[in-house]
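S.K.: This is the structure I have questions about; it appears just below.
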Amino acid sequence: TLTVTSPRLLRYIREDYFPVGALPLYLHRTPHEGDFPAHDHDFVEVQLVLAGCGMHVTATGAIQLAPGDVIMMRPGEWHALRDCVKLEVYNCCFGVDLVHRKLLWTLEDPIMAGVLNISPMVTHLRGSLLAQLSSTASVVCERWLDALASDLFEHPFEYSSRKIALLVLILDALGSALTPMYTLPLPSPRRAATLVREAVTLLETQVGYGWTSEALAQRLGLTPTYFVRLFKGVTG
């Protein structure tokens, strides 16, 4: 049994992964041996386990990973890897703003909405989705991930529509095939005041960041318009 305590986090930010002027999208095959430290990020991260094994650790506990497992972490939720042995994962990272600007229609699709469950108002498993793909579905997802990774490498600033189409194919393959390995009860929706307090805490603790309403909305997983309406409704 692994006891999970609040870790000291590394923070990964979009500026380190998404080139200026390009789509907020990043893909990479990543090998892991041993431990990978606890961290969070200000973008969505999807991981497909390709090979090996290890423990995936979040605030809710630890789960043994195997090929075909899918992990999806929303912005601001921490996770870590422990005891990895020849673990290889495919990382697919994208900004919440990409969903809001280019893929908003997907949130009304039953399959896609299940994958893009990124709003803090509908958090599941403290921001993570853990699922198991069949070997066939895993191969399909890997093929689309390779195609998107190749396109990003060869044409980082061109063919945005093609990249978005490939991302939709990846998310659709995940949503069509995933079978939840386990579930926990959905928590009660966060009250508006809680979200506003989180925004105020960010403003007070990271004074030098240069926060905008768009940046705060993105960090909280909200649209800028909804965030402003929420903030005014609470603060007056």
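Identifiers for the structure tokens are assigned positionally: chains receive A, B, ... in sequence, residues are indexed from 1 per chain, and ligands are indexed from 1 in the order shown.
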Write out as a list in words each polymer residue whose atoms come within 7 Å of Leu9 (chain A), counting only C-alpha atoms; drop sequence neighbours fewer than 5 positions from it.

M.R.: Ala38, His39 and Asp40 of chain A

S.K.: If we count only C-alpha atoms, what is near Gln64 (chain A) at a cut-off of 8 Å, once residues fewer than 5 positions away on the same chain are taken out, given as a ChimeraX atom specification?

M.R.: /A:53-56

S.K.: Go ahead and write the selection's residues with all heavy atoms as a CSV table (one decimal), in the first residue's frame.

M.R.:
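Saved the output as out_11.csv:
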chain,number,residue,atom,x,y,z
A,53,CYS,N,5.8,-1.3,-17.2
A,53,CYS,CA,4.9,-1.1,-16.1
A,53,CYS,C,5.4,-0.1,-15.1
A,53,CYS,O,6.5,0.4,-15.2
A,53,CYS,CB,4.7,-2.5,-15.3
A,53,CYS,SG,6.3,-3.1,-14.7
A,54,GLY,N,4.5,0.3,-14.2
A,54,GLY,CA,4.9,1.3,-13.2
A,54,GLY,C,3.6,1.7,-12.4
A,54,GLY,O,2.5,1.2,-12.7
A,55,MET,N,3.8,2.5,-11.4
A,55,MET,CA,2.7,3.0,-10.5
A,55,MET,C,2.4,4.4,-10.9
A,55,MET,O,3.3,5.3,-10.9
A,55,MET,CB,3.0,2.9,-9.1
A,55,MET,CG,3.3,1.5,-8.6
A,55,MET,SD,1.9,0.4,-8.6
A,55,MET,CE,0.9,1.2,-7.2
A,56,HIS,N,1.1,4.7,-11.2
A,56,HIS,CA,0.6,6.1,-11.4
A,56,HIS,C,0.0,6.6,-10.1
A,56,HIS,O,-0.9,6.0,-9.6
A,56,HIS,CB,-0.4,6.1,-12.5
A,56,HIS,CG,-0.9,7.5,-12.9
A,56,HIS,ND1,-2.1,7.9,-12.6
A,56,HIS,CD2,-0.2,8.5,-13.4
A,56,HIS,CE1,-2.3,9.2,-13.0
A,56,HIS,NE2,-1.1,9.6,-13.5

S.K.: Under the rule that only C-alpha atoms are counted, which of A:Val49, A:Met72, A:Leu195, A:Cys84 is the nearest residue to Val139 (chain A)?

M.R.: A:Val49

S.K.: So, with only C-alpha atoms as the atoms that count, which of A:Ala149, A:Val168, A:Glu154, A:Tyr209 lies closest to Trp105 (chain A)?

M.R.: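 Of all the options, A:Val168 lies closest to Trp105 (chain A).
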
S.K.: Could you give me, as a list in words, the residues within 12 Å of Ser161 (chain A), counting only C-alpha atoms and dropping anything in the same chain fewer than 2 positions from it?

M.R.: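 Using only C-alpha atoms, the neighbours found are Ala22, Leu23, Leu98, Lys102, Leu103, Leu148, Asp151, Leu152, His155, Phe157, Glu158, Tyr159, Lys163, Ile164, Ala165, Leu166, Leu167 and Val168 of chain A.
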
S.K.: Could those selected residues go to a file with N, CA, C and O atoms, as a PDB file, in the first residue's frame?

M.R.:
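File produced: again.pdb:
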ATOM      1  N   ALA A  22       2.085  28.722 -32.840  1.00  0.00           N
ATOM      2  CA  ALA A  22       1.611  27.409 -33.273  1.00  0.00           C
ATOM      3  C   ALA A  22       0.423  26.989 -32.414  1.00  0.00           C
ATOM      4  O   ALA A  22       0.109  27.617 -31.393  1.00  0.00           O
ATOM      5  N   LEU A  23      -0.240  25.908 -32.814  1.00  0.00           N
ATOM      6  CA  LEU A  23      -1.315  25.368 -31.990  1.00  0.00           C
ATOM      7  C   LEU A  23      -0.763  24.923 -30.638  1.00  0.00           C
ATOM      8  O   LEU A  23       0.364  24.412 -30.561  1.00  0.00           O
ATOM      9  N   LEU A  98      -7.417  25.396 -26.796  1.00  0.00           N
ATOM     10  CA  LEU A  98      -7.618  24.722 -28.078  1.00  0.00           C
ATOM     11  C   LEU A  98      -9.010  24.097 -28.141  1.00  0.00           C
ATOM     12  O   LEU A  98      -9.684  24.148 -29.178  1.00  0.00           O
ATOM     13  N   LYS A 102     -11.377  25.669 -30.893  1.00  0.00           N
ATOM     14  CA  LYS A 102     -11.468  24.838 -32.091  1.00  0.00           C
ATOM     15  C   LYS A 102     -12.353  23.599 -31.924  1.00  0.00           C
ATOM     16  O   LYS A 102     -12.813  23.042 -32.931  1.00  0.00           O
ATOM     17  N   LEU A 103     -12.562  23.154 -30.695  1.00  0.00           N
ATOM     18  CA  LEU A 103     -13.239  21.873 -30.483  1.00  0.00           C
ATOM     19  C   LEU A 103     -14.440  21.985 -29.554  1.00  0.00           C
ATOM     20  O   LEU A 103     -14.854  20.985 -28.957  1.00  0.00           O
ATOM     21  N   LEU A 148       0.161  12.491 -36.006  1.00  0.00           N
ATOM     22  CA  LEU A 148       0.114  13.865 -35.508  1.00  0.00           C
ATOM     23  C   LEU A 148       1.493  14.341 -35.076  1.00  0.00           C
ATOM     24  O   LEU A 148       1.883  15.482 -35.354  1.00  0.00           O
ATOM     25  N   ASP A 151       3.444  15.243 -38.130  1.00  0.00           N
ATOM     26  CA  ASP A 151       2.983  16.497 -38.733  1.00  0.00           C
ATOM     27  C   ASP A 151       3.457  17.702 -37.919  1.00  0.00           C
ATOM     28  O   ASP A 151       3.846  18.733 -38.475  1.00  0.00           O
ATOM     29  N   LEU A 152       3.425  17.590 -36.586  1.00  0.00           N
ATOM     30  CA  LEU A 152       3.908  18.675 -35.731  1.00  0.00           C
ATOM     31  C   LEU A 152       5.400  18.921 -35.934  1.00  0.00           C
ATOM     32  O   LEU A 152       5.870  20.067 -35.917  1.00  0.00           O
ATOM     33  N   HIS A 155       5.800  20.233 -39.837  1.00  0.00           N
ATOM     34  CA  HIS A 155       5.106  21.483 -40.182  1.00  0.00           C
ATOM     35  C   HIS A 155       4.554  22.133 -38.901  1.00  0.00           C
ATOM     36  O   HIS A 155       3.347  22.181 -38.702  1.00  0.00           O
ATOM     37  N   PHE A 157       4.102  25.122 -37.880  1.00  0.00           N
ATOM     38  CA  PHE A 157       3.296  26.339 -37.964  1.00  0.00           C
ATOM     39  C   PHE A 157       2.299  26.319 -39.123  1.00  0.00           C
ATOM     40  O   PHE A 157       1.703  27.341 -39.444  1.00  0.00           O
ATOM     41  N   GLU A 158       2.124  25.164 -39.731  1.00  0.00           N
ATOM     42  CA  GLU A 158       1.243  25.073 -40.894  1.00  0.00           C
ATOM     43  C   GLU A 158       0.222  23.949 -40.693  1.00  0.00           C
ATOM     44  O   GLU A 158       0.357  23.124 -39.795  1.00  0.00           O
ATOM     45  N   TYR A 159      -0.789  23.962 -41.541  1.00  0.00           N
ATOM     46  CA  TYR A 159      -1.773  22.882 -41.619  1.00  0.00           C
ATOM     47  C   TYR A 159      -2.482  22.651 -40.286  1.00  0.00           C
ATOM     48  O   TYR A 159      -2.608  21.522 -39.802  1.00  0.00           O
ATOM     49  N   LYS A 163      -3.949  19.081 -38.284  1.00  0.00           N
ATOM     50  CA  LYS A 163      -3.554  18.683 -36.939  1.00  0.00           C
ATOM     51  C   LYS A 163      -4.781  18.515 -36.032  1.00  0.00           C
ATOM     52  O   LYS A 163      -4.852  17.574 -35.233  1.00  0.00           O
ATOM     53  N   ILE A 164      -5.726  19.430 -36.140  1.00  0.00           N
ATOM     54  CA  ILE A 164      -6.941  19.339 -35.331  1.00  0.00           C
ATOM     55  C   ILE A 164      -7.732  18.091 -35.713  1.00  0.00           C
ATOM     56  O   ILE A 164      -8.270  17.387 -34.845  1.00  0.00           O
ATOM     57  N   ALA A 165      -7.788  17.789 -37.012  1.00  0.00           N
ATOM     58  CA  ALA A 165      -8.494  16.589 -37.465  1.00  0.00           C
ATOM     59  C   ALA A 165      -7.849  15.333 -36.886  1.00  0.00           C
ATOM     60  O   ALA A 165      -8.548  14.399 -36.444  1.00  0.00           O
ATOM     61  N   LEU A 166      -6.519  15.289 -36.864  1.00  0.00           N
ATOM     62  CA  LEU A 166      -5.825  14.130 -36.291  1.00  0.00           C
ATOM     63  C   LEU A 166      -6.079  14.027 -34.793  1.00  0.00           C
ATOM     64  O   LEU A 166      -6.270  12.925 -34.258  1.00  0.00           O
ATOM     65  N   LEU A 167      -6.090  15.164 -34.094  1.00  0.00           N
ATOM     66  CA  LEU A 167      -6.383  15.140 -32.667  1.00  0.00           C
ATOM     67  C   LEU A 167      -7.790  14.622 -32.410  1.00  0.00           C
ATOM     68  O   LEU A 167      -8.015  13.843 -31.476  1.00  0.00           O
ATOM     69  N   VAL A 168      -8.749  15.040 -33.233  1.00  0.00           N
ATOM     70  CA  VAL A 168     -10.125  14.551 -33.092  1.00  0.00           C
ATOM     71  C   VAL A 168     -10.171  13.033 -33.291  1.00  0.00           C
ATOM     72  O   VAL A 168     -10.859  12.311 -32.550  1.00  0.00           O
TER      73      VAL A 168
END

S.K.: Would you kindly return, as a list in words, each protein, DNA or RNA residue with an atom no farther than 12 Å from any atom of Thr201 (chain A), considering only C-alpha atoms and excluding same-chain residues fewer than 5 positions away?

M.R.: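 Non-adjacent residues within range: Thr194, Leu195, Val196, Gln206, Val207, Trp211, Leu216 and Leu220 of chain A.
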
S.K.: Could you dump the residues just selected with all heavy atoms as a PDB file, in the first residue's frame?

M.R.:
ATOM      1  N   THR A 194     -15.771  28.880  -4.455  1.00  0.00           N
ATOM      2  CA  THR A 194     -14.535  28.115  -4.367  1.00  0.00           C
ATOM      3  C   THR A 194     -13.626  28.422  -5.552  1.00  0.00           C
ATOM      4  O   THR A 194     -12.412  28.614  -5.398  1.00  0.00           O
ATOM      5  CB  THR A 194     -14.836  26.608  -4.318  1.00  0.00           C
ATOM      6  OG1 THR A 194     -15.667  26.324  -3.203  1.00  0.00           O
ATOM      7  CG2 THR A 194     -13.547  25.808  -4.209  1.00  0.00           C
ATOM      8  N   LEU A 195     -14.202  28.481  -6.740  1.00  0.00           N
ATOM      9  CA  LEU A 195     -13.422  28.806  -7.929  1.00  0.00           C
ATOM     10  C   LEU A 195     -12.855  30.216  -7.853  1.00  0.00           C
ATOM     11  O   LEU A 195     -11.699  30.456  -8.215  1.00  0.00           O
ATOM     12  CB  LEU A 195     -14.297  28.661  -9.172  1.00  0.00           C
ATOM     13  CG  LEU A 195     -14.660  27.223  -9.571  1.00  0.00           C
ATOM     14  CD1 LEU A 195     -15.741  27.236 -10.633  1.00  0.00           C
ATOM     15  CD2 LEU A 195     -13.438  26.478 -10.060  1.00  0.00           C
ATOM     16  N   VAL A 196     -13.655  31.144  -7.370  1.00  0.00           N
ATOM     17  CA  VAL A 196     -13.187  32.522  -7.249  1.00  0.00           C
ATOM     18  C   VAL A 196     -12.065  32.606  -6.225  1.00  0.00           C
ATOM     19  O   VAL A 196     -11.073  33.329  -6.416  1.00  0.00           O
ATOM     20  CB  VAL A 196     -14.352  33.463  -6.882  1.00  0.00           C
ATOM     21  CG1 VAL A 196     -13.837  34.854  -6.550  1.00  0.00           C
ATOM     22  CG2 VAL A 196     -15.351  33.532  -8.038  1.00  0.00           C
ATOM     23  N   GLN A 206       1.112  34.545  -6.855  1.00  0.00           N
ATOM     24  CA  GLN A 206       1.966  34.642  -8.039  1.00  0.00           C
ATOM     25  C   GLN A 206       1.815  36.039  -8.643  1.00  0.00           C
ATOM     26  O   GLN A 206       1.383  36.209  -9.787  1.00  0.00           O
ATOM     27  CB  GLN A 206       1.596  33.557  -9.046  1.00  0.00           C
ATOM     28  CG  GLN A 206       1.738  32.140  -8.488  1.00  0.00           C
ATOM     29  CD  GLN A 206       1.378  31.078  -9.506  1.00  0.00           C
ATOM     30  OE1 GLN A 206       1.563  31.249 -10.712  1.00  0.00           O
ATOM     31  NE2 GLN A 206       0.852  29.964  -9.035  1.00  0.00           N
ATOM     32  N   VAL A 207       2.189  37.026  -7.841  1.00  0.00           N
ATOM     33  CA  VAL A 207       1.972  38.430  -8.206  1.00  0.00           C
ATOM     34  C   VAL A 207       2.702  38.791  -9.490  1.00  0.00           C
ATOM     35  O   VAL A 207       2.195  39.539 -10.332  1.00  0.00           O
ATOM     36  CB  VAL A 207       2.430  39.354  -7.053  1.00  0.00           C
ATOM     37  CG1 VAL A 207       2.261  40.809  -7.438  1.00  0.00           C
ATOM     38  CG2 VAL A 207       1.660  39.032  -5.778  1.00  0.00           C
ATOM     39  N   TRP A 211      -1.153  37.977 -14.473  1.00  0.00           N
ATOM     40  CA  TRP A 211      -2.392  37.262 -14.757  1.00  0.00           C
ATOM     41  C   TRP A 211      -3.367  38.119 -15.566  1.00  0.00           C
ATOM     42  O   TRP A 211      -3.504  39.314 -15.333  1.00  0.00           O
ATOM     43  CB  TRP A 211      -3.076  36.846 -13.466  1.00  0.00           C
ATOM     44  CG  TRP A 211      -2.381  35.746 -12.721  1.00  0.00           C
ATOM     45  CD1 TRP A 211      -1.595  35.875 -11.611  1.00  0.00           C
ATOM     46  CD2 TRP A 211      -2.392  34.360 -13.052  1.00  0.00           C
ATOM     47  NE1 TRP A 211      -1.113  34.652 -11.224  1.00  0.00           N
ATOM     48  CE2 TRP A 211      -1.589  33.698 -12.088  1.00  0.00           C
ATOM     49  CE3 TRP A 211      -2.992  33.609 -14.055  1.00  0.00           C
ATOM     50  CZ2 TRP A 211      -1.384  32.330 -12.103  1.00  0.00           C
ATOM     51  CZ3 TRP A 211      -2.789  32.242 -14.074  1.00  0.00           C
ATOM     52  CH2 TRP A 211      -1.996  31.610 -13.114  1.00  0.00           C
ATOM     53  N   LEU A 216      -6.366  33.184 -16.104  1.00  0.00           N
ATOM     54  CA  LEU A 216      -7.031  32.611 -14.931  1.00  0.00           C
ATOM     55  C   LEU A 216      -8.104  31.619 -15.352  1.00  0.00           C
ATOM     56  O   LEU A 216      -8.230  30.534 -14.756  1.00  0.00           O
ATOM     57  CB  LEU A 216      -7.644  33.732 -14.089  1.00  0.00           C
ATOM     58  CG  LEU A 216      -6.664  34.592 -13.283  1.00  0.00           C
ATOM     59  CD1 LEU A 216      -7.383  35.816 -12.733  1.00  0.00           C
ATOM     60  CD2 LEU A 216      -6.040  33.789 -12.144  1.00  0.00           C
ATOM     61  N   LEU A 220      -8.274  27.503 -14.505  1.00  0.00           N
ATOM     62  CA  LEU A 220      -9.404  26.913 -13.800  1.00  0.00           C
ATOM     63  C   LEU A 220     -10.254  26.012 -14.696  1.00  0.00           C
ATOM     64  O   LEU A 220     -11.205  25.397 -14.237  1.00  0.00           O
ATOM     65  CB  LEU A 220     -10.290  28.018 -13.208  1.00  0.00           C
ATOM     66  CG  LEU A 220      -9.636  28.893 -12.135  1.00  0.00           C
ATOM     67  CD1 LEU A 220     -10.556  30.042 -11.756  1.00  0.00           C
ATOM     68  CD2 LEU A 220      -9.260  28.081 -10.907  1.00  0.00           C
TER      69      LEU A 220
END

S.K.: Smallest atom-to-atom distance to Tyr90 (chain A): which of A:Trp78, A:Trp144, A:Phe18, A:Phe227, using only C-alpha atoms?

M.R.: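 Checking each candidate against Tyr90 (chain A), we get A:Trp144 as the closest.
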
S.K.: Could you state the separation of CA of Leu50 (chain A) and CA of Glu88 (chain A) in Å, given to one decimal place?

M.R.: 5.4 Å

S.K.: So, counting only C-alpha atoms, which residue among A:Pro37, A:His100, A:Glu77, A:Leu169 is closest to Ala147 (chain A)?

M.R.: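 Of A:Pro37, A:His100, A:Glu77, A:Leu169, the one nearest Ala147 (chain A), counting only C-alpha atoms, is A:Leu169.
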
S.K.: Taking only C-alpha atoms into account, which of A:Ile63, A:Gly210, A:Arg162, A:Gly76 comes nearest Arg11 (chain A)?

M.R.: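 Ranked by minimum distance to Arg11 (chain A), first place goes to A:Gly76.
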
S.K.: Could you write out, as a PDB file with N, CA and C atoms, in the first residue's frame, all the residues of region 22-170 of chain A that DSSP marks as alpha helix (DSSP H)?

M.R.:
ATOM      1  N   VAL A  96      -6.277  24.024 -22.897  1.00  0.00           N
ATOM      2  CA  VAL A  96      -7.729  24.097 -22.779  1.00  0.00           C
ATOM      3  C   VAL A  96      -8.290  25.067 -23.809  1.00  0.00           C
ATOM      4  N   ASP A  97      -7.513  26.101 -24.132  1.00  0.00           N
ATOM      5  CA  ASP A  97      -7.977  27.080 -25.108  1.00  0.00           C
ATOM      6  C   ASP A  97      -8.168  26.468 -26.492  1.00  0.00           C
ATOM      7  N   LEU A  98      -7.417  25.396 -26.796  1.00  0.00           N
ATOM      8  CA  LEU A  98      -7.618  24.722 -28.078  1.00  0.00           C
ATOM      9  C   LEU A  98      -9.010  24.097 -28.141  1.00  0.00           C
ATOM     10  N   VAL A  99      -9.448  23.525 -27.027  1.00  0.00           N
ATOM     11  CA  VAL A  99     -10.791  22.943 -26.959  1.00  0.00           C
ATOM     12  C   VAL A  99     -11.834  24.045 -27.109  1.00  0.00           C
ATOM     13  N   HIS A 100     -11.650  25.143 -26.391  1.00  0.00           N
ATOM     14  CA  HIS A 100     -12.641  26.214 -26.407  1.00  0.00           C
ATOM     15  C   HIS A 100     -12.705  26.931 -27.762  1.00  0.00           C
ATOM     16  N   ARG A 101     -11.556  27.044 -28.450  1.00  0.00           N
ATOM     17  CA  ARG A 101     -11.536  27.790 -29.714  1.00  0.00           C
ATOM     18  C   ARG A 101     -11.834  26.922 -30.922  1.00  0.00           C
ATOM     19  N   LYS A 102     -11.377  25.669 -30.893  1.00  0.00           N
ATOM     20  CA  LYS A 102     -11.468  24.838 -32.091  1.00  0.00           C
ATOM     21  C   LYS A 102     -12.353  23.599 -31.924  1.00  0.00           C
ATOM     22  N   PRO A 110     -21.456  12.747 -27.153  1.00  0.00           N
ATOM     23  CA  PRO A 110     -21.365  11.854 -25.984  1.00  0.00           C
ATOM     24  C   PRO A 110     -20.010  11.180 -25.840  1.00  0.00           C
ATOM     25  N   ILE A 111     -19.426  10.736 -26.956  1.00  0.00           N
ATOM     26  CA  ILE A 111     -18.135  10.051 -26.892  1.00  0.00           C
ATOM     27  C   ILE A 111     -17.020  11.032 -26.566  1.00  0.00           C
ATOM     28  N   MET A 112     -16.976  12.150 -27.283  1.00  0.00           N
ATOM     29  CA  MET A 112     -15.904  13.115 -27.090  1.00  0.00           C
ATOM     30  C   MET A 112     -15.996  13.799 -25.734  1.00  0.00           C
ATOM     31  N   ALA A 113     -17.217  14.082 -25.291  1.00  0.00           N
ATOM     32  CA  ALA A 113     -17.379  14.745 -23.999  1.00  0.00           C
ATOM     33  C   ALA A 113     -16.848  13.873 -22.874  1.00  0.00           C
ATOM     34  N   GLY A 114     -16.960  12.546 -23.025  1.00  0.00           N
ATOM     35  CA  GLY A 114     -16.430  11.653 -22.002  1.00  0.00           C
ATOM     36  C   GLY A 114     -14.927  11.728 -21.883  1.00  0.00           C
ATOM     37  N   VAL A 115     -14.259  11.995 -22.999  1.00  0.00           N
ATOM     38  CA  VAL A 115     -12.802  12.119 -22.990  1.00  0.00           C
ATOM     39  C   VAL A 115     -12.379  13.504 -22.541  1.00  0.00           C
ATOM     40  N   SER A 135      -6.083  -4.141 -27.183  1.00  0.00           N
ATOM     41  CA  SER A 135      -4.841  -4.083 -27.950  1.00  0.00           C
ATOM     42  C   SER A 135      -5.082  -3.473 -29.326  1.00  0.00           C
ATOM     43  N   THR A 136      -6.242  -3.791 -29.935  1.00  0.00           N
ATOM     44  CA  THR A 136      -6.564  -3.236 -31.248  1.00  0.00           C
ATOM     45  C   THR A 136      -6.747  -1.720 -31.176  1.00  0.00           C
ATOM     46  N   ALA A 137      -7.511  -1.261 -30.181  1.00  0.00           N
ATOM     47  CA  ALA A 137      -7.748   0.173 -30.023  1.00  0.00           C
ATOM     48  C   ALA A 137      -6.452   0.905 -29.704  1.00  0.00           C
ATOM     49  N   SER A 138      -5.577   0.281 -28.919  1.00  0.00           N
ATOM     50  CA  SER A 138      -4.297   0.901 -28.575  1.00  0.00           C
ATOM     51  C   SER A 138      -3.440   1.090 -29.816  1.00  0.00           C
ATOM     52  N   VAL A 139      -3.436   0.104 -30.708  1.00  0.00           N
ATOM     53  CA  VAL A 139      -2.668   0.210 -31.953  1.00  0.00           C
ATOM     54  C   VAL A 139      -3.217   1.337 -32.820  1.00  0.00           C
ATOM     55  N   VAL A 140      -4.543   1.455 -32.892  1.00  0.00           N
ATOM     56  CA  VAL A 140      -5.161   2.523 -33.679  1.00  0.00           C
ATOM     57  C   VAL A 140      -4.765   3.890 -33.126  1.00  0.00           C
ATOM     58  N   CYS A 141      -4.859   4.044 -31.802  1.00  0.00           N
ATOM     59  CA  CYS A 141      -4.490   5.322 -31.173  1.00  0.00           C
ATOM     60  C   CYS A 141      -3.028   5.654 -31.407  1.00  0.00           C
ATOM     61  N   GLU A 142      -2.173   4.657 -31.278  1.00  0.00           N
ATOM     62  CA  GLU A 142      -0.745   4.889 -31.488  1.00  0.00           C
ATOM     63  C   GLU A 142      -0.469   5.340 -32.924  1.00  0.00           C
ATOM     64  N   ARG A 143      -1.187   4.754 -33.892  1.00  0.00           N
ATOM     65  CA  ARG A 143      -0.991   5.135 -35.287  1.00  0.00           C
ATOM     66  C   ARG A 143      -1.365   6.595 -35.520  1.00  0.00           C
ATOM     67  N   TRP A 144      -2.491   7.034 -34.949  1.00  0.00           N
ATOM     68  CA  TRP A 144      -2.898   8.427 -35.110  1.00  0.00           C
ATOM     69  C   TRP A 144      -1.940   9.359 -34.364  1.00  0.00           C
ATOM     70  N   LEU A 145      -1.477   8.933 -33.196  1.00  0.00           N
ATOM     71  CA  LEU A 145      -0.518   9.753 -32.448  1.00  0.00           C
ATOM     72  C   LEU A 145       0.775   9.933 -33.234  1.00  0.00           C
ATOM     73  N   ASP A 146       1.254   8.858 -33.863  1.00  0.00           N
ATOM     74  CA  ASP A 146       2.461   8.962 -34.692  1.00  0.00           C
ATOM     75  C   ASP A 146       2.249   9.933 -35.845  1.00  0.00           C
ATOM     76  N   ALA A 147       1.069   9.876 -36.469  1.00  0.00           N
ATOM     77  CA  ALA A 147       0.789  10.762 -37.600  1.00  0.00           C
ATOM     78  C   ALA A 147       0.779  12.215 -37.161  1.00  0.00           C
ATOM     79  N   LEU A 148       0.161  12.491 -36.006  1.00  0.00           N
ATOM     80  CA  LEU A 148       0.114  13.865 -35.508  1.00  0.00           C
ATOM     81  C   LEU A 148       1.493  14.341 -35.076  1.00  0.00           C
ATOM     82  N   ALA A 149       2.246  13.482 -34.399  1.00  0.00           N
ATOM     83  CA  ALA A 149       3.596  13.855 -33.973  1.00  0.00           C
ATOM     84  C   ALA A 149       4.472  14.171 -35.183  1.00  0.00           C
ATOM     85  N   SER A 150       4.351  13.389 -36.250  1.00  0.00           N
ATOM     86  CA  SER A 150       5.124  13.631 -37.460  1.00  0.00           C
ATOM     87  C   SER A 150       4.741  14.957 -38.100  1.00  0.00           C
ATOM     88  N   ASP A 151       3.444  15.243 -38.130  1.00  0.00           N
ATOM     89  CA  ASP A 151       2.983  16.497 -38.733  1.00  0.00           C
ATOM     90  C   ASP A 151       3.457  17.702 -37.919  1.00  0.00           C
ATOM     91  N   LEU A 152       3.425  17.590 -36.586  1.00  0.00           N
ATOM     92  CA  LEU A 152       3.908  18.675 -35.731  1.00  0.00           C
ATOM     93  C   LEU A 152       5.400  18.921 -35.934  1.00  0.00           C
ATOM     94  N   PHE A 153       6.157  17.849 -36.123  1.00  0.00           N
ATOM     95  CA  PHE A 153       7.600  17.979 -36.306  1.00  0.00           C
ATOM     96  C   PHE A 153       7.931  18.584 -37.662  1.00  0.00           C
ATOM     97  N   GLU A 154       7.242  18.127 -38.710  1.00  0.00           N
ATOM     98  CA  GLU A 154       7.567  18.566 -40.052  1.00  0.00           C
ATOM     99  C   GLU A 154       6.966  19.924 -40.401  1.00  0.00           C
ATOM    100  N   SER A 160      -2.951  23.721 -39.677  1.00  0.00           N
ATOM    101  CA  SER A 160      -3.635  23.609 -38.384  1.00  0.00           C
ATOM    102  C   SER A 160      -4.870  22.718 -38.476  1.00  0.00           C
ATOM    103  N   SER A 161      -5.614  22.844 -39.559  1.00  0.00           N
ATOM    104  CA  SER A 161      -6.838  22.055 -39.693  1.00  0.00           C
ATOM    105  C   SER A 161      -6.531  20.562 -39.704  1.00  0.00           C
ATOM    106  N   ARG A 162      -5.447  20.182 -40.369  1.00  0.00           N
ATOM    107  CA  ARG A 162      -5.069  18.770 -40.418  1.00  0.00           C
ATOM    108  C   ARG A 162      -4.672  18.264 -39.032  1.00  0.00           C
ATOM    109  N   LYS A 163      -3.949  19.081 -38.284  1.00  0.00           N
ATOM    110  CA  LYS A 163      -3.554  18.683 -36.939  1.00  0.00           C
ATOM    111  C   LYS A 163      -4.781  18.515 -36.032  1.00  0.00           C
ATOM    112  N   ILE A 164      -5.726  19.430 -36.140  1.00  0.00           N
ATOM    113  CA  ILE A 164      -6.941  19.339 -35.331  1.00  0.00           C
ATOM    114  C   ILE A 164      -7.732  18.091 -35.713  1.00  0.00           C
ATOM    115  N   ALA A 165      -7.788  17.789 -37.012  1.00  0.00           N
ATOM    116  CA  ALA A 165      -8.494  16.589 -37.465  1.00  0.00           C
ATOM    117  C   ALA A 165      -7.849  15.333 -36.886  1.00  0.00           C
ATOM    118  N   LEU A 166      -6.519  15.289 -36.864  1.00  0.00           N
ATOM    119  CA  LEU A 166      -5.825  14.130 -36.291  1.00  0.00           C
ATOM    120  C   LEU A 166      -6.079  14.027 -34.793  1.00  0.00           C
ATOM    121  N   LEU A 167      -6.090  15.164 -34.094  1.00  0.00           N
ATOM    122  CA  LEU A 167      -6.383  15.140 -32.667  1.00  0.00           C
ATOM    123  C   LEU A 167      -7.790  14.622 -32.410  1.00  0.00           C
ATOM    124  N   VAL A 168      -8.749  15.040 -33.233  1.00  0.00           N
ATOM    125  CA  VAL A 168     -10.125  14.551 -33.092  1.00  0.00           C
ATOM    126  C   VAL A 168     -10.171  13.033 -33.291  1.00  0.00           C
ATOM    127  N   LEU A 169      -9.432  12.516 -34.280  1.00  0.00           N
ATOM    128  CA  LEU A 169      -9.392  11.077 -34.506  1.00  0.00           C
ATOM    129  C   LEU A 169      -8.828  10.341 -33.282  1.00  0.00           C
ATOM    130  N   ILE A 170      -7.794  10.922 -32.671  1.00  0.00           N
ATOM    131  CA  ILE A 170      -7.195  10.310 -31.470  1.00  0.00           C
ATOM    132  C   ILE A 170      -8.208  10.281 -30.323  1.00  0.00           C
TER     133      ILE A 170
END

S.K.: Within region 76-111 of chain A, find each residue whose DSSP state, derived from the backbone, is strand (DSSP E or B), and express the selection as JSON, numbers by chain.

M.R.: {"A": [79, 80, 81, 82, 83, 84, 85, 86, 87, 88, 89, 90, 91, 92, 93, 94]}

S.K.: Would you work out the distance separating CA of Val89 (chain A) from CA of Val70 (chain A), expressed in Å to one decimal?

M.R.: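 A separation of 9.3 Å between them.
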